[in-house]
>>> print(open('input_20.txt').read())   # compact mmCIF, C-alpha atoms
# COMPACT_ATOMS: atom_id res chain seq x y z
CA MET A 1 7.92 44.54 11.40
CA ARG A 2 9.87 43.98 8.20
CA VAL A 3 10.06 40.31 7.22
CA ALA A 4 12.07 38.72 4.41
CA LEU A 5 10.59 35.49 3.05
CA ASP A 6 12.54 32.96 1.00
CA ALA A 7 10.48 32.60 -2.19
CA GLN A 8 13.13 31.07 -4.46
CA LEU A 9 11.30 27.76 -4.89
CA ALA A 10 8.38 29.66 -6.43
CA VAL A 11 10.71 30.30 -9.41
CA GLY A 12 10.47 27.96 -12.40
CA THR A 13 8.77 24.59 -11.94
CA ALA A 14 7.21 25.39 -8.58
CA THR A 15 5.77 22.44 -6.66
CA GLY A 16 4.11 22.42 -3.23
CA ILE A 17 6.72 24.57 -1.49
CA GLY A 18 6.59 27.15 -4.29
CA GLU A 19 2.79 27.20 -3.99
CA TYR A 20 3.21 27.76 -0.24
CA ALA A 21 5.67 30.63 -0.66
CA ARG A 22 3.54 32.44 -3.25
CA GLY A 23 0.36 32.06 -1.24
CA LEU A 24 1.92 33.17 2.02
CA VAL A 25 3.49 36.28 0.49
CA ASP A 26 0.10 37.31 -0.90
CA ALA A 27 -1.63 36.57 2.41
CA LEU A 28 0.88 38.62 4.39
CA ARG A 29 0.53 41.54 2.01
CA ALA A 30 -3.26 41.36 2.26
CA ALA A 31 -3.10 41.32 6.06
CA GLY A 32 -1.08 44.52 6.07
CA ASP A 33 0.40 43.93 9.54
CA VAL A 34 3.93 43.23 8.32
CA ASP A 35 6.13 44.58 5.56
CA VAL A 36 6.98 41.38 3.67
CA VAL A 37 9.93 41.26 1.27
CA PRO A 38 9.96 38.14 -0.93
CA LEU A 39 13.53 37.10 -1.72
CA ASP A 40 14.18 35.39 -5.05
CA HIS A 41 16.43 35.59 -8.07
CA ARG A 42 14.39 35.06 -11.22
CA SER A 43 17.28 33.90 -13.41
CA PHE A 44 18.69 31.47 -10.85
CA ASP A 45 17.23 27.96 -11.18
CA PRO A 46 17.18 26.30 -7.72
CA TRP A 47 16.28 22.83 -9.04
CA ARG A 48 19.81 21.48 -8.94
CA PHE A 49 21.51 20.49 -5.70
CA ASP A 50 24.59 22.73 -5.96
CA ARG A 51 22.49 25.76 -6.89
CA ARG A 52 20.11 25.11 -4.01
CA VAL A 53 23.03 25.11 -1.57
CA ILE A 54 24.43 28.32 -3.07
CA TRP A 55 21.04 29.95 -2.72
CA ASP A 56 20.50 28.78 0.86
CA GLN A 57 23.96 29.48 2.20
CA VAL A 58 25.19 32.50 0.20
CA MET A 59 22.59 34.33 -1.83
CA LEU A 60 19.68 34.17 0.64
CA PRO A 61 21.52 35.62 3.68
CA ARG A 62 23.10 38.31 1.49
CA ALA A 63 19.70 39.29 0.11
CA ALA A 64 18.21 39.37 3.62
CA ARG A 65 21.00 41.61 4.87
CA ALA A 66 20.59 43.96 1.90
CA ALA A 67 16.84 44.16 2.58
CA ARG A 68 17.51 45.35 6.18
CA VAL A 69 14.82 43.18 7.70
CA ASP A 70 13.86 42.43 11.29
CA LEU A 71 13.20 38.74 10.64
CA LEU A 72 14.01 36.14 8.00
CA HIS A 73 11.38 33.49 7.23
CA CYS A 74 13.06 30.46 5.67
CA ALA A 75 9.94 29.11 4.01
CA SER A 76 11.51 26.28 2.00
CA GLY A 77 12.62 23.97 4.80
CA THR A 78 16.32 24.90 4.79
CA MET A 79 18.31 27.54 6.70
CA PRO A 80 21.64 29.31 6.19
CA LEU A 81 24.49 28.72 8.62
CA TRP A 82 25.00 32.48 8.84
CA HIS A 83 22.04 34.81 8.98
CA PRO A 84 21.75 38.55 9.54
CA ALA A 85 18.44 38.46 11.47
CA PRO A 86 16.42 36.14 13.72
CA ILE A 87 14.91 33.23 11.80
CA VAL A 88 11.54 31.55 11.60
CA VAL A 89 11.73 28.37 9.52
CA THR A 90 8.92 26.35 7.96
CA VAL A 91 9.59 22.62 8.08
CA HIS A 92 7.20 21.06 5.57
CA ASP A 93 8.16 17.49 6.46
CA VAL A 94 11.09 15.32 7.56
CA ALA A 95 10.79 12.94 4.63
CA TRP A 96 14.55 13.05 4.04
CA LEU A 97 14.99 11.27 7.36
CA ARG A 98 12.04 8.91 7.04
CA VAL A 99 11.51 7.67 3.49
CA GLN A 100 14.31 8.91 1.20
CA ALA A 101 16.96 6.24 1.81
CA HIS A 102 17.10 5.57 -1.96
CA THR A 103 18.30 9.10 -2.77
CA ARG A 104 21.87 10.38 -3.07
CA LEU A 105 23.87 10.47 0.17
CA TYR A 106 24.86 14.13 -0.11
CA ALA A 107 21.23 15.20 -0.61
CA ARG A 108 20.08 13.11 2.36
CA ALA A 109 22.82 14.64 4.49
CA TYR A 110 22.01 18.24 3.54
CA PHE A 111 18.21 18.08 3.61
CA GLY A 112 18.18 15.59 6.46
CA LYS A 113 20.62 15.70 9.37
CA PHE A 114 22.24 19.03 8.49
CA ALA A 115 18.86 20.75 8.12
CA LEU A 116 17.68 19.20 11.38
CA SER A 117 20.69 20.59 13.23
CA GLN A 118 19.92 24.05 11.87
CA TYR A 119 16.29 24.02 12.99
CA ARG A 120 17.41 24.09 16.62
CA ARG A 121 18.81 27.61 16.05
CA ALA A 122 15.54 29.07 14.74
CA ARG A 123 13.51 31.31 17.03
CA ARG A 124 10.28 29.60 15.95
CA VAL A 125 9.50 26.60 13.75
CA MET A 126 6.34 26.53 11.66
CA VAL A 127 4.98 23.18 10.42
CA ASP A 128 2.19 22.34 7.96
CA SER A 129 0.47 19.82 10.25
CA ALA A 130 0.41 18.57 13.81
CA PHE A 131 1.83 15.31 12.44
CA SER A 132 4.93 17.12 11.16
CA GLY A 133 5.26 18.93 14.48
CA GLU A 134 5.34 15.63 16.35
CA GLU A 135 7.85 14.18 13.87
CA LEU A 136 10.10 17.22 14.28
CA ALA A 137 9.94 17.16 18.07
CA ALA A 138 10.80 13.46 18.10
CA LEU A 139 13.70 13.67 15.65
CA ALA A 140 15.24 17.03 16.54
CA GLY A 141 14.33 17.40 20.19
CA ILE A 142 12.79 20.80 19.54
CA GLU A 143 10.50 21.93 22.34
CA ARG A 144 6.86 21.68 21.30
CA GLU A 145 6.19 25.18 22.61
CA ARG A 146 8.50 26.54 19.89
CA ILE A 147 6.55 24.78 17.13
CA ASP A 148 3.58 26.50 15.48
CA VAL A 149 1.13 24.50 13.34
CA VAL A 150 0.06 26.64 10.39
CA TYR A 151 -2.02 24.87 7.74
CA PRO A 152 -1.15 26.16 4.25
CA GLY A 153 -3.94 27.83 2.34
CA VAL A 154 -5.41 26.86 -1.00
CA ALA A 155 -5.35 29.48 -3.76
CA ALA A 156 -8.42 31.30 -5.05
CA ASP A 157 -8.14 29.84 -8.55
CA VAL A 158 -8.38 26.33 -7.09
CA ILE A 159 -11.31 27.25 -4.86
CA GLY A 160 -13.00 28.77 -7.91
CA ILE A 161 -12.80 25.63 -10.09
CA SER A 162 -16.10 24.72 -11.71
CA ARG A 163 -16.38 20.95 -11.82
CA LYS A 164 -17.09 19.38 -15.25
CA PRO A 165 -16.25 15.67 -14.94
CA ASP A 166 -15.35 13.90 -18.16
CA ALA A 167 -17.76 11.34 -19.56
CA HIS A 168 -14.72 9.05 -19.92
CA PRO A 169 -13.46 8.83 -16.34
CA PHE A 170 -9.85 9.27 -15.36
CA ILE A 171 -7.94 9.28 -12.09
CA LEU A 172 -5.64 12.23 -11.44
CA VAL A 173 -2.44 11.90 -9.42
CA ALA A 174 -0.82 15.34 -9.20
CA ALA A 175 2.54 14.90 -7.52
CA THR A 176 6.23 14.55 -8.20
CA VAL A 177 6.74 11.08 -9.63
CA GLU A 178 8.92 9.71 -6.83
CA ALA A 179 8.79 6.61 -4.68
CA ARG A 180 7.18 8.12 -1.59
CA LYS A 181 4.25 9.40 -3.68
CA ASN A 182 3.44 5.75 -4.42
CA LEU A 183 1.97 6.09 -7.93
CA ALA A 184 2.51 2.35 -8.44
CA VAL A 185 -0.44 1.39 -6.23
CA VAL A 186 -2.82 3.26 -8.53
CA ILE A 187 -1.22 1.71 -11.62
CA ARG A 188 -1.80 -1.74 -10.14
CA ALA A 189 -5.42 -0.81 -9.38
CA LEU A 190 -6.03 -0.05 -13.08
CA ARG A 191 -5.97 -3.79 -13.84
CA GLU A 192 -9.31 -4.09 -12.03
CA LEU A 193 -10.79 -0.83 -13.32
CA PRO A 194 -11.53 -1.36 -17.03
CA GLY A 195 -12.15 1.72 -19.13
CA VAL A 196 -10.59 4.08 -16.58
CA GLY A 197 -7.60 6.26 -17.42
CA LEU A 198 -4.83 7.63 -15.23
CA ILE A 199 -3.13 11.01 -15.65
CA SER A 200 0.06 11.68 -13.73
CA THR A 201 1.35 15.25 -13.48
CA GLY A 202 4.48 16.44 -11.76
CA PRO A 203 8.25 16.43 -12.23
CA SER A 204 9.84 13.05 -12.92
CA THR A 205 12.52 11.13 -11.03
CA PRO A 206 14.00 7.70 -11.87
CA TYR A 207 10.89 6.23 -10.20
CA ARG A 208 8.92 7.14 -13.33
CA ALA A 209 10.79 4.47 -15.32
CA GLU A 210 9.79 1.92 -12.68
CA CYS A 211 6.15 2.97 -13.03
CA GLU A 212 6.27 2.80 -16.82
CA ALA A 213 7.80 -0.69 -16.69
CA LEU A 214 5.11 -1.78 -14.22
CA ALA A 215 2.37 -0.43 -16.49
CA ASP A 216 3.87 -2.32 -19.45
CA ARG A 217 3.97 -5.59 -17.49
CA LEU A 218 0.35 -5.18 -16.38
CA GLY A 219 -0.89 -4.25 -19.86
CA VAL A 220 -2.32 -0.86 -18.78
CA ARG A 221 0.29 1.47 -20.32
CA ASP A 222 -2.15 2.62 -23.02
CA ARG A 223 -4.46 4.03 -20.33
CA ILE A 224 -1.81 6.11 -18.57
CA GLU A 225 -0.54 9.59 -19.44
CA PHE A 226 2.67 10.81 -17.84
CA ARG A 227 2.42 14.52 -18.54
CA GLY A 228 5.29 15.73 -16.36
CA TYR A 229 5.18 19.25 -15.00
CA VAL A 230 2.18 21.03 -16.54
CA PRO A 231 1.17 24.71 -16.70
CA ARG A 232 -1.17 25.84 -13.95
CA ASP A 233 -4.16 26.33 -16.26
CA GLU A 234 -3.82 22.74 -17.45
CA LEU A 235 -3.59 21.45 -13.88
CA LEU A 236 -6.70 23.39 -12.85
CA ASP A 237 -8.55 21.93 -15.84
CA LEU A 238 -7.53 18.40 -14.84
CA TYR A 239 -8.86 18.93 -11.31
CA ALA A 240 -12.11 20.17 -12.86
CA ARG A 241 -12.49 17.08 -15.10
CA ALA A 242 -11.08 14.19 -13.03
CA ALA A 243 -13.50 11.54 -11.85
CA VAL A 244 -11.24 10.80 -8.89
CA VAL A 245 -8.19 12.48 -7.40
CA ALA A 246 -5.87 9.95 -5.78
CA VAL A 247 -3.23 10.80 -3.16
CA PRO A 248 -1.59 7.46 -2.39
CA SER A 249 1.54 8.86 -0.71
CA ILE A 250 3.45 6.83 1.82
CA TYR A 251 4.66 10.02 3.50
CA GLU A 252 3.34 13.60 3.42
CA GLY A 253 3.89 16.52 5.76
CA PHE A 254 0.63 18.04 4.52
CA GLY A 255 -0.72 16.86 1.16
CA TYR A 256 -1.55 19.72 -1.21
CA GLY A 257 -3.10 17.31 -3.71
CA ALA A 258 -5.70 16.27 -1.14
CA ALA A 259 -6.37 19.85 -0.02
CA TRP A 260 -6.83 20.97 -3.64
CA ALA A 261 -9.27 18.14 -4.33
CA MET A 262 -11.33 18.93 -1.23
CA CYS A 263 -11.40 22.67 -1.93
CA CYS A 264 -12.52 22.23 -5.56
CA GLY A 265 -15.11 19.55 -4.82
CA ALA A 266 -13.39 16.64 -6.59
CA PRO A 267 -13.98 13.09 -5.29
CA LEU A 268 -10.86 12.02 -3.42
CA VAL A 269 -9.18 8.82 -2.24
CA ALA A 270 -6.12 9.26 -0.02
CA ALA A 271 -3.70 7.09 1.90
CA ASN A 272 -4.21 6.72 5.63
CA SER A 273 -0.56 7.56 6.28
CA SER A 274 1.46 10.39 7.80
CA ALA A 275 -0.37 13.77 7.73
CA LEU A 276 -3.13 12.74 5.31
CA PRO A 277 -5.69 11.54 7.90
CA GLU A 278 -5.27 14.88 9.70
CA VAL A 279 -5.76 16.85 6.48
CA VAL A 280 -8.58 14.76 4.97
CA GLY A 281 -10.49 13.81 8.11
CA SER A 282 -13.83 12.23 7.22
CA ALA A 283 -14.16 14.05 3.88
CA ALA A 284 -12.95 11.12 1.75
CA PRO A 285 -12.03 7.43 1.92
CA LEU A 286 -8.65 6.71 3.54
CA VAL A 287 -6.85 3.57 2.38
CA PRO A 288 -3.63 1.83 3.50
CA PRO A 289 -0.96 2.89 0.98
CA GLY A 290 0.19 -0.68 0.35
CA ASP A 291 -3.19 -2.42 0.11
CA ASP A 292 -3.85 -2.88 -3.62
CA ALA A 293 -7.26 -4.46 -3.11
CA ALA A 294 -8.44 -1.62 -0.86
CA TRP A 295 -7.45 0.94 -3.50
CA VAL A 296 -9.46 -0.92 -6.12
CA VAL A 297 -12.52 -1.02 -3.84
CA ALA A 298 -12.26 2.66 -2.87
CA ILE A 299 -11.79 3.96 -6.41
CA ALA A 300 -14.41 1.62 -7.89
CA GLY A 301 -16.90 2.76 -5.25
CA LEU A 302 -16.54 6.37 -6.36
CA LEU A 303 -16.71 5.48 -10.06
CA GLN A 304 -19.77 3.26 -9.73
CA GLU A 305 -21.76 6.01 -8.01
CA ARG A 306 -20.37 9.12 -9.62
CA ALA A 307 -23.35 11.36 -8.83
CA ASN A 308 -23.23 10.45 -5.14
CA ALA A 309 -19.45 10.86 -5.09
CA GLU A 310 -19.76 14.35 -6.58
CA ALA A 311 -22.47 15.27 -4.06
CA ARG A 312 -20.36 14.15 -1.10
CA ALA A 313 -17.34 16.03 -2.41
CA THR A 314 -19.45 19.15 -2.90
CA ALA A 315 -20.72 18.92 0.68
CA ALA A 316 -17.14 18.73 1.99
CA ARG A 317 -15.97 21.67 -0.12
CA GLY A 318 -17.12 24.55 2.09
CA PRO A 319 -15.56 23.24 5.32
CA ALA A 320 -12.30 22.53 3.47
CA ILE A 321 -12.16 26.05 2.01
CA ALA A 322 -12.69 27.51 5.49
CA ARG A 323 -10.02 25.28 6.99
CA PHE A 324 -7.34 25.83 4.34
CA SER A 325 -7.68 29.59 4.10
CA TRP A 326 -4.76 31.83 3.19
CA PRO A 327 -6.03 34.71 5.38
CA ALA A 328 -6.03 32.31 8.36
CA ALA A 329 -2.55 31.05 7.45
CA GLY A 330 -1.26 34.60 7.10
CA ALA A 331 -2.63 35.58 10.51
CA ALA A 332 -1.06 32.50 12.12
CA ALA A 333 2.29 33.25 10.47
CA ILE A 334 2.24 36.82 11.75
CA GLU A 335 1.59 35.54 15.27
CA SER A 336 4.58 33.22 14.90
CA TYR A 337 6.73 36.17 13.80
CA ARG A 338 5.63 38.19 16.82
CA ARG A 339 6.49 35.35 19.17
CA ALA A 340 9.88 35.03 17.53
CA MET A 341 10.63 38.73 18.02
CA GLN A 342 9.55 38.56 21.65
CA GLU A 343 11.71 35.57 22.49
CA GLY A 344 15.32 36.14 23.44
CA ARG A 345 16.76 33.13 21.69
CA GLY A 346 20.12 33.30 19.95
CA ARG A 347 20.45 34.50 16.42
>>> encode(input="input_20.txt", output="structure tokens")
Amino acid sequence: MRVALDAQLAVGTATGIGEYARGLVDALRAAGDVDVVPLDHRSFDPWRFDRRVIWDQVMLPRAARAARVDLLHCASGTMPLWHPAPIVVTVHDVAWLRVQAHTRLYARAYFGKFALSQYRRARRVMVDSAFSGEELAALAGIERERIDVVYPGVAADVIGISRKPDAHPFILVAATVEARKNLAVVIRALRELPGVGLISTGPSTPYRAECEALADRLGVRDRIEFRGYVPRDELLDLYARAAVVAVPSIYEGFGYGAAWAMCCGAPLVAANSSALPEVVGSAAPLVPPGDDAAWVVAIAGLLQERANAEARATAARGPAIARFSWPAAGAAAIESYRRAMQEGRGR
């Protein structure tokens, strides 16, 4: 079976979806059961709305047709109206329909209702969590038997991190600085955590200005670094040195930040919202995303007993690595492809 996989979001400033595309391509190649053809255009930056639409609706289907494939895997959560082969689509989340009301109308329409209407035409739909599968079934009316839960894997360089926590503790929040990632709750917690720093990594949105203004009002701005998008080596080093990794998101379809922390043995605090309880389980404290006092208690508990926190995180590391394995994800994806080819649904 020859499968084309949309890998365009792995170009440039790749975030979680780019990480997913890269990892899945490598896993499929290692499995050897399919001939995978990653589709991307290295000089075409997809991180602008009009270019993303051009890629999805024009360049991607043309590239798939030129590659003469049996199946197209739309791995970035969007599908073309016209496609030359049966489609499997990965829906990472439905955040555009749940928590993105503050964003531009045209973006909400394209990534929200338009995308949802397209998913119904896919042969199979892969999701990153059972939570996302239930959300998709509820919002799009897609039959649950057409939805395959495939947990993304965590890369070998993350699994191989050697922990070396800084003597001067800092909290790491590695995520796009946008409202649903809820960085503000950690900024507010800093007021009650003297001597602790906060490092934020990830692309910025207008929400960053709100966070900076909040930090100024609370008098904690001097303890916060907004580093923006950082090179991978720098991000790996931050995961190695952080005293605590915080994932305070209001809405996640998976939560790569939490999976990375668990697989590298970093103490973690995560929100008890959306897919995060499914991903984290009992491996780390889960806190309501809007409860400032609970975040202070959870983070302070890890900082006050750092040796115990490290030991607990180390104990959870092996099970997390086994659970978020790229070989397992690749095998599950191949099974989804096979089901898609066996089903006689419309193209």
>>> closest_residue(input="input_20.txt", among="A:Ala174, A:Val25, A:Ala75, A:Val244", to="Ala298 of chain A", atoms="all atoms listed in the file")
A:Val244
>>> closest_residue(input="input_20.txt", among="A:Phe44, A:Tyr20, A:Tyr207, A:Trp96", to="Gly330 of chain A", atoms="all atoms listed in the file")
A:Tyr20
>>> residues_around(input="input_20.txt", residues="segment 155-157 of chain A", least_positions_apart="4", cutoff="8 Å", atoms="only C-alpha atoms", output="PDB file with C-alpha atoms, in the coordinates of the input")
ATOM      1  CA  GLY A  23       0.360  32.060  -1.240  1.00  0.00           C
ATOM      2  CA  ILE A 161     -12.800  25.630 -10.090  1.00  0.00           C
ATOM      3  CA  LEU A 236      -6.700  23.390 -12.850  1.00  0.00           C
ATOM      4  CA  TRP A 326      -4.760  31.830   3.190  1.00  0.00           C
TER       5      TRP A 326
END
>>> residues_around(input="input_20.txt", residues="Val296 of chain A", least_positions_apart="5", cutoff="9 Å", atoms="only C-alpha atoms", output="short mmCIF file (atom, residue, chain, number, x, y, z; two decimals) with C-alpha atoms, in the coordinates of the input")
data_model
loop_
_atom_site.label_atom_id
_atom_site.label_comp_id
_atom_site.auth_asym_id
_atom_site.auth_seq_id
_atom_site.Cartn_x
_atom_site.Cartn_y
_atom_site.Cartn_z
CA VAL A 186 -2.82 3.26 -8.53
CA ARG A 188 -1.80 -1.74 -10.14
CA ALA A 189 -5.42 -0.81 -9.38
CA LEU A 190 -6.03 -0.05 -13.08
CA ARG A 191 -5.97 -3.79 -13.84
CA GLU A 192 -9.31 -4.09 -12.03
CA LEU A 193 -10.79 -0.83 -13.32
CA ASP A 291 -3.19 -2.42 0.11
CA GLY A 301 -16.90 2.76 -5.25
#
>>> residues_around(input="input_20.txt", residues="Ile187 of chain A", least_positions_apart="6", cutoff="10 Å", atoms="only C-alpha atoms", output="MDAnalysis selection string")
chainID A and resid 197:198 211:212 214:215 218 220:221 223:224 292
>>> atom_distance(input="input_20.txt", atom1="atom CA of Gly12 of chain A", atom2="atom CA of Gly255 of chain A")
20.8 Å
>>> decode(input="input_20.txt", residues="segment 192-210 of chain A", atoms="N, CA and C atoms", output="compact mmCIF listing (two decimals), in the first residue's frame")
# COMPACT_ATOMS: atom_id res chain seq x y z
N GLU A 192 2.77 33.53 44.90
CA GLU A 192 2.87 32.75 46.14
C GLU A 192 4.05 31.78 46.11
N LEU A 193 4.91 31.91 45.12
CA LEU A 193 6.04 30.99 44.97
C LEU A 193 7.33 31.80 44.88
N PRO A 194 7.77 32.40 45.95
CA PRO A 194 8.97 33.26 45.90
C PRO A 194 10.21 32.49 45.47
N GLY A 195 11.02 33.16 44.66
CA GLY A 195 12.28 32.57 44.23
C GLY A 195 12.16 31.60 43.08
N VAL A 196 10.97 31.40 42.56
CA VAL A 196 10.75 30.46 41.46
C VAL A 196 10.58 31.23 40.17
N GLY A 197 11.22 30.76 39.11
CA GLY A 197 11.10 31.38 37.80
C GLY A 197 10.08 30.66 36.93
N LEU A 198 9.74 31.28 35.83
CA LEU A 198 8.83 30.70 34.84
C LEU A 198 9.40 30.94 33.45
N ILE A 199 9.53 29.87 32.67
CA ILE A 199 9.99 30.00 31.28
C ILE A 199 8.86 29.52 30.38
N SER A 200 8.46 30.41 29.48
CA SER A 200 7.43 30.09 28.49
C SER A 200 8.09 29.96 27.13
N THR A 201 7.84 28.83 26.46
CA THR A 201 8.34 28.65 25.10
C THR A 201 7.15 28.37 24.18
N GLY A 202 7.26 28.80 22.96
CA GLY A 202 6.20 28.55 22.00
C GLY A 202 5.84 29.83 21.26
N PRO A 203 5.29 29.69 20.06
CA PRO A 203 4.90 30.87 19.28
C PRO A 203 3.94 31.76 20.05
N SER A 204 4.00 33.06 19.76
CA SER A 204 3.16 34.03 20.46
C SER A 204 1.90 34.34 19.66
N THR A 205 0.87 34.74 20.39
CA THR A 205 -0.36 35.31 19.83
C THR A 205 -0.63 36.59 20.64
N PRO A 206 -1.68 37.34 20.32
CA PRO A 206 -1.97 38.54 21.13
C PRO A 206 -2.15 38.24 22.62
N TYR A 207 -2.42 37.01 22.98
CA TYR A 207 -2.57 36.63 24.39
C TYR A 207 -1.28 36.87 25.17
N ARG A 208 -0.14 36.83 24.50
CA ARG A 208 1.12 37.07 25.21
C ARG A 208 1.14 38.46 25.84
N ALA A 209 0.62 39.47 25.13
CA ALA A 209 0.59 40.83 25.70
C ALA A 209 -0.27 40.85 26.96
N GLU A 210 -1.36 40.09 26.97
CA GLU A 210 -2.19 40.01 28.17
C GLU A 210 -1.40 39.41 29.33
